[in-house]
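Raw work_25.cif, mmCIF, C-alpha atoms:
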data_coords
loop_
_atom_site.group_PDB
_atom_site.id
_atom_site.type_symbol
_atom_site.label_atom_id
_atom_site.label_comp_id
_atom_site.auth_asym_id
_atom_site.auth_seq_id
_atom_site.Cartn_x
_atom_site.Cartn_y
_atom_site.Cartn_z
ATOM 1 C CA MET C 3 0.000 0.000 0.000
ATOM 2 C CA LEU C 4 2.710 2.509 0.958
ATOM 3 C CA SER C 5 5.560 1.127 -1.114
ATOM 4 C CA PRO C 6 4.996 0.012 -4.713
ATOM 5 C CA THR C 7 6.733 -3.262 -5.519
ATOM 6 C CA TRP C 8 8.528 -1.888 -8.586
ATOM 7 C CA THR C 9 10.447 0.767 -6.650
ATOM 8 C CA THR C 10 14.008 0.351 -5.474
ATOM 9 C CA PRO C 11 15.121 0.793 -1.855
ATOM 10 C CA LEU C 12 16.819 4.053 -2.906
ATOM 11 C CA GLU C 13 13.511 5.408 -4.249
ATOM 12 C CA GLN C 14 11.660 4.195 -1.158
ATOM 13 C CA ALA C 15 14.134 6.063 1.042
ATOM 14 C CA PHE C 16 12.852 9.308 -0.461
ATOM 15 C CA PHE C 17 9.154 8.435 -0.245
ATOM 16 C CA TRP C 18 6.693 10.333 1.870
ATOM 17 C CA ILE C 19 3.519 8.404 2.596
ATOM 18 C CA GLY C 20 3.476 6.223 -0.506
ATOM 19 C CA GLY C 21 5.047 8.555 -3.041
ATOM 20 C CA TRP C 22 6.885 11.767 -3.681
ATOM 21 C CA ARG C 23 6.622 14.649 -1.210
ATOM 22 C CA PRO C 24 4.353 17.307 -2.742
ATOM 23 C CA THR C 25 6.707 20.187 -1.911
ATOM 24 C CA MET C 26 9.258 18.412 -4.088
ATOM 25 C CA ALA C 27 7.325 19.760 -7.080
ATOM 26 C CA THR C 28 8.078 23.374 -6.148
ATOM 27 C CA HIS C 29 11.687 22.506 -5.227
ATOM 28 C CA LEU C 30 12.102 20.882 -8.643
ATOM 29 C CA LEU C 31 10.547 23.901 -10.341
ATOM 30 C CA TYR C 32 12.892 26.319 -8.588
ATOM 31 C CA SER C 33 15.945 24.118 -9.220
ATOM 32 C CA LYS C 34 15.212 23.589 -12.915
ATOM 33 C CA SER C 35 14.314 27.244 -13.356
ATOM 34 C CA GLY C 36 17.628 28.293 -11.822
ATOM 35 C CA LEU C 37 19.612 25.889 -13.999
ATOM 36 C CA GLN C 38 17.841 27.026 -17.164
ATOM 37 C CA LEU C 39 18.336 30.660 -16.171
ATOM 38 C CA GLN C 40 22.094 30.064 -15.755
ATOM 39 C CA GLU C 41 22.256 28.387 -19.162
ATOM 40 C CA ARG C 42 20.383 31.201 -20.899
ATOM 41 C CA ILE C 43 21.414 34.226 -18.861
ATOM 42 C CA LEU C 44 22.580 36.128 -21.929
ATOM 43 C CA ASN C 45 19.232 35.649 -23.704
ATOM 44 C CA VAL C 46 17.345 36.686 -20.569
ATOM 45 C CA ALA C 47 19.598 39.754 -20.125
ATOM 46 C CA LEU C 48 18.871 40.745 -23.723
ATOM 47 C CA GLY C 49 15.134 40.368 -23.079
ATOM 48 C CA LEU C 50 14.798 37.376 -25.357
ATOM 49 C CA ALA C 51 12.165 34.888 -24.263
ATOM 50 C CA THR C 52 13.417 31.358 -23.809
ATOM 51 C CA GLY C 53 9.999 29.707 -23.412
ATOM 52 C CA ASP C 54 11.297 27.529 -20.612
ATOM 53 C CA LEU C 55 11.409 27.820 -16.837
ATOM 54 C CA ALA C 56 14.018 30.592 -17.038
ATOM 55 C CA ASP C 57 11.100 32.813 -18.127
ATOM 56 C CA LEU C 58 9.203 32.655 -14.828
ATOM 57 C CA ASN C 59 7.808 36.101 -14.144
ATOM 58 C CA ALA C 60 7.232 37.782 -10.775
ATOM 59 C CA SER C 61 3.553 36.843 -10.710
ATOM 60 C CA GLN C 62 4.346 33.187 -11.362
ATOM 61 C CA ILE C 63 7.016 33.175 -8.651
ATOM 62 C CA ASP C 64 4.540 34.683 -6.170
ATOM 63 C CA GLN C 65 1.963 32.040 -7.090
ATOM 64 C CA VAL C 66 4.495 29.221 -6.710
ATOM 65 C CA ASP C 67 5.567 30.628 -3.343
ATOM 66 C CA SER C 68 1.941 30.712 -2.181
ATOM 67 C CA LEU C 69 1.372 27.161 -3.437
ATOM 68 C CA GLN C 70 4.510 25.994 -1.642
ATOM 69 C CA ARG C 71 3.398 27.549 1.667
ATOM 70 C CA ARG C 72 -0.070 25.962 1.444
ATOM 71 C CA THR C 73 1.414 22.615 0.447
ATOM 72 C CA THR C 74 3.941 22.687 3.298
ATOM 73 C CA MET C 75 1.172 23.341 5.832
ATOM 74 C CA GLU C 76 -0.952 20.493 4.512
ATOM 75 C CA GLU C 77 2.061 18.151 4.371
ATOM 76 C CA ARG C 78 2.596 18.815 8.084
ATOM 77 C CA GLU C 79 -1.041 18.025 8.864
ATOM 78 C CA ILE C 80 -0.886 14.779 6.900
ATOM 79 C CA SER C 81 2.445 13.827 8.501
ATOM 80 C CA GLU C 82 0.875 14.349 11.936
ATOM 81 C CA LYS C 83 -2.063 12.122 10.948
ATOM 82 C CA MET C 84 0.383 9.454 9.775
ATOM 83 C CA ALA C 85 2.329 9.680 13.038
ATOM 84 C CA LYS C 86 -0.936 9.238 14.918
ATOM 85 C CA GLN C 87 -1.830 6.167 12.835
ATOM 86 C CA GLN C 88 1.604 4.686 13.447
ATOM 87 C CA GLY C 89 1.317 5.389 17.179
ATOM 88 C CA ASN C 90 -2.052 3.645 17.230
ATOM 89 C CA MET C 91 -0.298 0.347 16.546
ATOM 90 C CA ALA C 92 0.394 0.179 20.271
ATOM 91 C CA ASP C 93 -3.115 1.084 21.427
ATOM 92 C CA SER C 94 -5.060 -1.031 23.879
ATOM 93 C CA ASP C 95 -6.793 -3.099 21.157
ATOM 94 C CA MET C 96 -3.462 -4.198 19.686
ATOM 95 C CA VAL C 97 -1.821 -4.839 23.036
ATOM 96 C CA GLU C 98 -4.842 -6.848 24.181
ATOM 97 C CA LEU C 99 -4.523 -9.057 21.095
ATOM 98 C CA THR C 100 -0.900 -9.851 21.943
ATOM 99 C CA HIS C 101 -1.963 -11.248 25.322
ATOM 100 C CA GLU C 102 -4.643 -13.568 24.028
ATOM 101 C CA LEU C 103 -3.552 -17.172 24.093
ATOM 102 C CA ASP C 104 -6.180 -18.159 21.562
ATOM 103 C CA ASP C 105 -5.412 -16.704 18.122
ATOM 104 C CA ASN C 106 -8.813 -15.179 17.405
ATOM 105 C CA GLY C 107 -8.514 -14.633 13.655
ATOM 106 C CA GLU C 108 -11.742 -12.664 13.312
ATOM 107 C CA LYS C 109 -10.815 -10.225 16.050
ATOM 108 C CA VAL C 110 -7.295 -9.811 14.647
ATOM 109 C CA GLU C 111 -8.695 -9.153 11.184
ATOM 110 C CA LEU C 112 -11.164 -6.595 12.538
ATOM 111 C CA VAL C 113 -8.556 -4.667 14.493
ATOM 112 C CA LEU C 114 -5.992 -4.790 11.687
ATOM 113 C CA ARG C 115 -8.613 -3.739 9.135
ATOM 114 C CA GLN C 116 -9.372 -0.647 11.251
ATOM 115 C CA LYS C 117 -5.641 0.183 11.312
ATOM 116 C CA GLU C 118 -5.370 -0.321 7.554
ATOM 117 C CA GLU C 119 -8.396 1.902 6.931
ATOM 118 C CA GLY C 120 -6.724 4.667 8.911
ATOM 119 C CA LEU C 121 -3.567 4.282 6.829
ATOM 120 C CA GLU C 122 -5.616 4.266 3.630
ATOM 121 C CA ARG C 123 -7.292 7.555 4.631
ATOM 122 C CA VAL C 124 -3.890 9.166 5.219
ATOM 123 C CA LEU C 125 -2.549 7.772 1.925
ATOM 124 C CA LYS C 126 -5.613 9.108 0.086
ATOM 125 C CA ARG C 127 -5.016 12.578 1.552
ATOM 126 C CA ALA C 128 -1.337 12.401 0.569
ATOM 127 C CA ASP C 129 -2.217 11.321 -2.983
ATOM 128 C CA ASP C 130 -4.805 14.089 -3.207
ATOM 129 C CA LEU C 131 -2.236 16.675 -2.104
ATOM 130 C CA ARG C 132 0.265 15.352 -4.656
ATOM 131 C CA LEU C 133 -2.320 15.701 -7.426
ATOM 132 C CA ARG C 134 -3.479 19.169 -6.335
ATOM 133 C CA THR C 135 0.107 20.383 -6.065
ATOM 134 C CA LEU C 136 0.993 19.087 -9.519
ATOM 135 C CA LYS C 137 -2.132 20.673 -10.991
ATOM 136 C CA GLY C 138 -1.326 23.888 -9.139
ATOM 137 C CA VAL C 139 2.154 24.063 -10.647
ATOM 138 C CA ILE C 140 0.849 23.290 -14.144
ATOM 139 C CA ASN C 141 -1.859 25.955 -13.824
ATOM 140 C CA ILE C 142 0.751 28.573 -12.897
ATOM 141 C CA LEU C 143 3.042 27.793 -15.825
ATOM 142 C CA THR C 144 2.595 28.453 -19.513
ATOM 143 C CA PRO C 145 2.124 25.352 -21.705
ATOM 144 C CA SER C 146 5.762 25.484 -22.800
ATOM 145 C CA GLN C 147 6.986 25.889 -19.217
ATOM 146 C CA SER C 148 4.702 23.035 -18.116
ATOM 147 C CA LEU C 149 6.325 20.789 -20.698
ATOM 148 C CA HIS C 150 9.805 21.669 -19.402
ATOM 149 C CA PHE C 151 8.671 21.025 -15.826
ATOM 150 C CA LEU C 152 7.068 17.667 -16.610
ATOM 151 C CA VAL C 153 10.116 16.520 -18.589
ATOM 152 C CA ALA C 154 12.357 17.495 -15.643
ATOM 153 C CA ALA C 155 10.102 15.559 -13.249
ATOM 154 C CA ALA C 156 10.174 12.476 -15.488
ATOM 155 C CA GLU C 157 13.959 12.705 -15.891
ATOM 156 C CA LEU C 158 14.437 12.935 -12.130
ATOM 157 C CA HIS C 159 12.111 9.999 -11.502
ATOM 158 C CA LEU C 160 13.715 7.797 -14.137
ATOM 159 C CA ARG C 161 17.287 8.632 -13.108
ATOM 160 C CA LEU C 162 16.556 7.946 -9.435
ATOM 161 C CA HIS C 163 15.045 4.593 -10.437
ATOM 162 C CA ASP C 164 18.103 3.763 -12.581
ATOM 163 C CA TRP C 165 20.509 4.753 -9.793
ATOM 164 C CA GLY C 166 18.553 2.576 -7.391
ATOM 165 C CA LYS C 167 18.704 -0.409 -9.748
ATOM 166 C CA GLN C 168 22.456 0.094 -10.246
ATOM 167 C CA ARG C 169 22.936 0.259 -6.484
ATOM 168 C CA GLU C 170 20.949 -2.980 -6.011
ATOM 169 C CA ILE C 171 23.153 -4.739 -8.580
ATOM 170 C CA LYS C 172 26.319 -3.532 -6.841
ATOM 171 C CA ASP C 173 24.967 -4.619 -3.447
ATOM 172 C CA ARG C 174 24.141 -8.096 -4.794
ATOM 173 C CA GLU C 175 27.579 -8.412 -6.367
ATOM 174 C CA MET C 176 29.254 -7.398 -3.113
ATOM 175 C CA SER C 177 27.192 -9.834 -1.059
ATOM 176 C CA THR C 178 28.075 -12.783 -3.335
ATOM 177 C CA ALA C 179 31.792 -11.916 -3.513
#
Please render this file's structure as structure tokens.
Amino acid sequence: MLSPTWTTPLEQAFFWIGGWRPTMATHLLYSKSGLQLQERILNVALGLATGDLADLNASQIDQVDSLQRRTTMEEREISEKMAKQQGNMADSDMVELTHELDDNGEKVELVLRQKEEGLERVLKRADDLRLRTLKGVINILTPSQSLHFLVAAAELHLRLHDWGKQREIKDREMSTA
């Protein structure tokens, strides 16, 4: 539920509640924008439009900043809910089950299902925030800028996956040597 089977341990190390942290979208936008600005500084200085993320205007930057602040606040709320769900694993219902000599499968299933439902609610909120943040970024950018942003996001995702796979291969080779 919280860790897709196709991800590598390296990718999972950077996960936040089943996927990427929503504020990562604004961090990526700022990072890619800065890199593209450095690459095209002469064009920007001459007033030539680049059509990429180096062309962010003041209004767009203000909107991204506002989106980032809202997203950060909601991330904190969701993280607190997740911490509460994790803490609930040691509540009286769970502890009581550990003391029962008879393995009451129905009772175990009921209690665990309640815990899973709580986790599912938190995961749903996290997924919703990821989607709203992505849509928020795309709505702020021009179509051309959106394309540059989405390509950068895909490149980052794919490279992290590749690095994770390479690391797994090296780890296996070292463990068999």
* Selected residue, from C:Glu77, C:Glu119, C:Glu41, C:Glu175, that lies nearest to Trp18 in chain C when counting all atoms listed in the file -> C:Glu77
* To do: I would like the residues chosen by the PyMOL selection byres ((chain C and resi 135) around 10) on the shown file; could you give them as an MDAnalysis selection string?
  => chainID C and resid 23:28 66 69:70 72:73 129:134 136:141
* Asked: Between C:Leu162, C:Ala128, C:Met75, C:Met176, which has the minimum distance to Ala15 in chain C (counting only C-alpha atoms)?
  -> C:Leu162
Calculate, to one decimal in Å, the centre and edge lengths of the box along x, y and z of the file that holds all listed atoms of range 154-172 of chain C with 4 Å of margin on each side, and present them as lines of an AutoDock Vina configuration file.
center_x = 18.2
center_y = 6.4
center_z = -11.0
size_x = 24.2
size_y = 30.2
size_z = 17.9
* Asked: Excluding same-chain residues fewer than 6 positions from Asn59 in chain C, what lies within 12 Å of it counting all atoms listed in the file, as a PyMOL selection string?
  -> chain C and resi 35+46+51+53+65-66+142-144+147
Explicit residues for the PyMOL selection byres ((chain C and resi 124) around 8) (as an mmCIF file with C-alpha atoms, keeping the file's coordinate frame):
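Saved file selection.cif follows:
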data_model
loop_
_atom_site.group_PDB
_atom_site.id
_atom_site.type_symbol
_atom_site.label_atom_id
_atom_site.label_comp_id
_atom_site.auth_asym_id
_atom_site.auth_seq_id
_atom_site.Cartn_x
_atom_site.Cartn_y
_atom_site.Cartn_z
ATOM 1 C CA ILE C 19 3.519 8.404 2.596
ATOM 2 C CA ILE C 80 -0.886 14.779 6.900
ATOM 3 C CA LYS C 83 -2.063 12.122 10.948
ATOM 4 C CA MET C 84 0.383 9.454 9.775
ATOM 5 C CA GLY C 120 -6.724 4.667 8.911
ATOM 6 C CA LEU C 121 -3.567 4.282 6.829
ATOM 7 C CA GLU C 122 -5.616 4.266 3.630
ATOM 8 C CA ARG C 123 -7.292 7.555 4.631
ATOM 9 C CA LEU C 125 -2.549 7.772 1.925
ATOM 10 C CA LYS C 126 -5.613 9.108 0.086
ATOM 11 C CA ARG C 127 -5.016 12.578 1.552
ATOM 12 C CA ALA C 128 -1.337 12.401 0.569
#
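When CA of Gly166 in chain C is paired with CA of Ala154 in chain C, their separation reads 18.1 Å.
Counting from CA of Phe17 in chain C, the distance to CA of Leu158 in chain C is 13.8 Å.
Pairwise distance (CA of Ala56 in chain C, CA of Ser33 in chain C) equals 10.3 Å.
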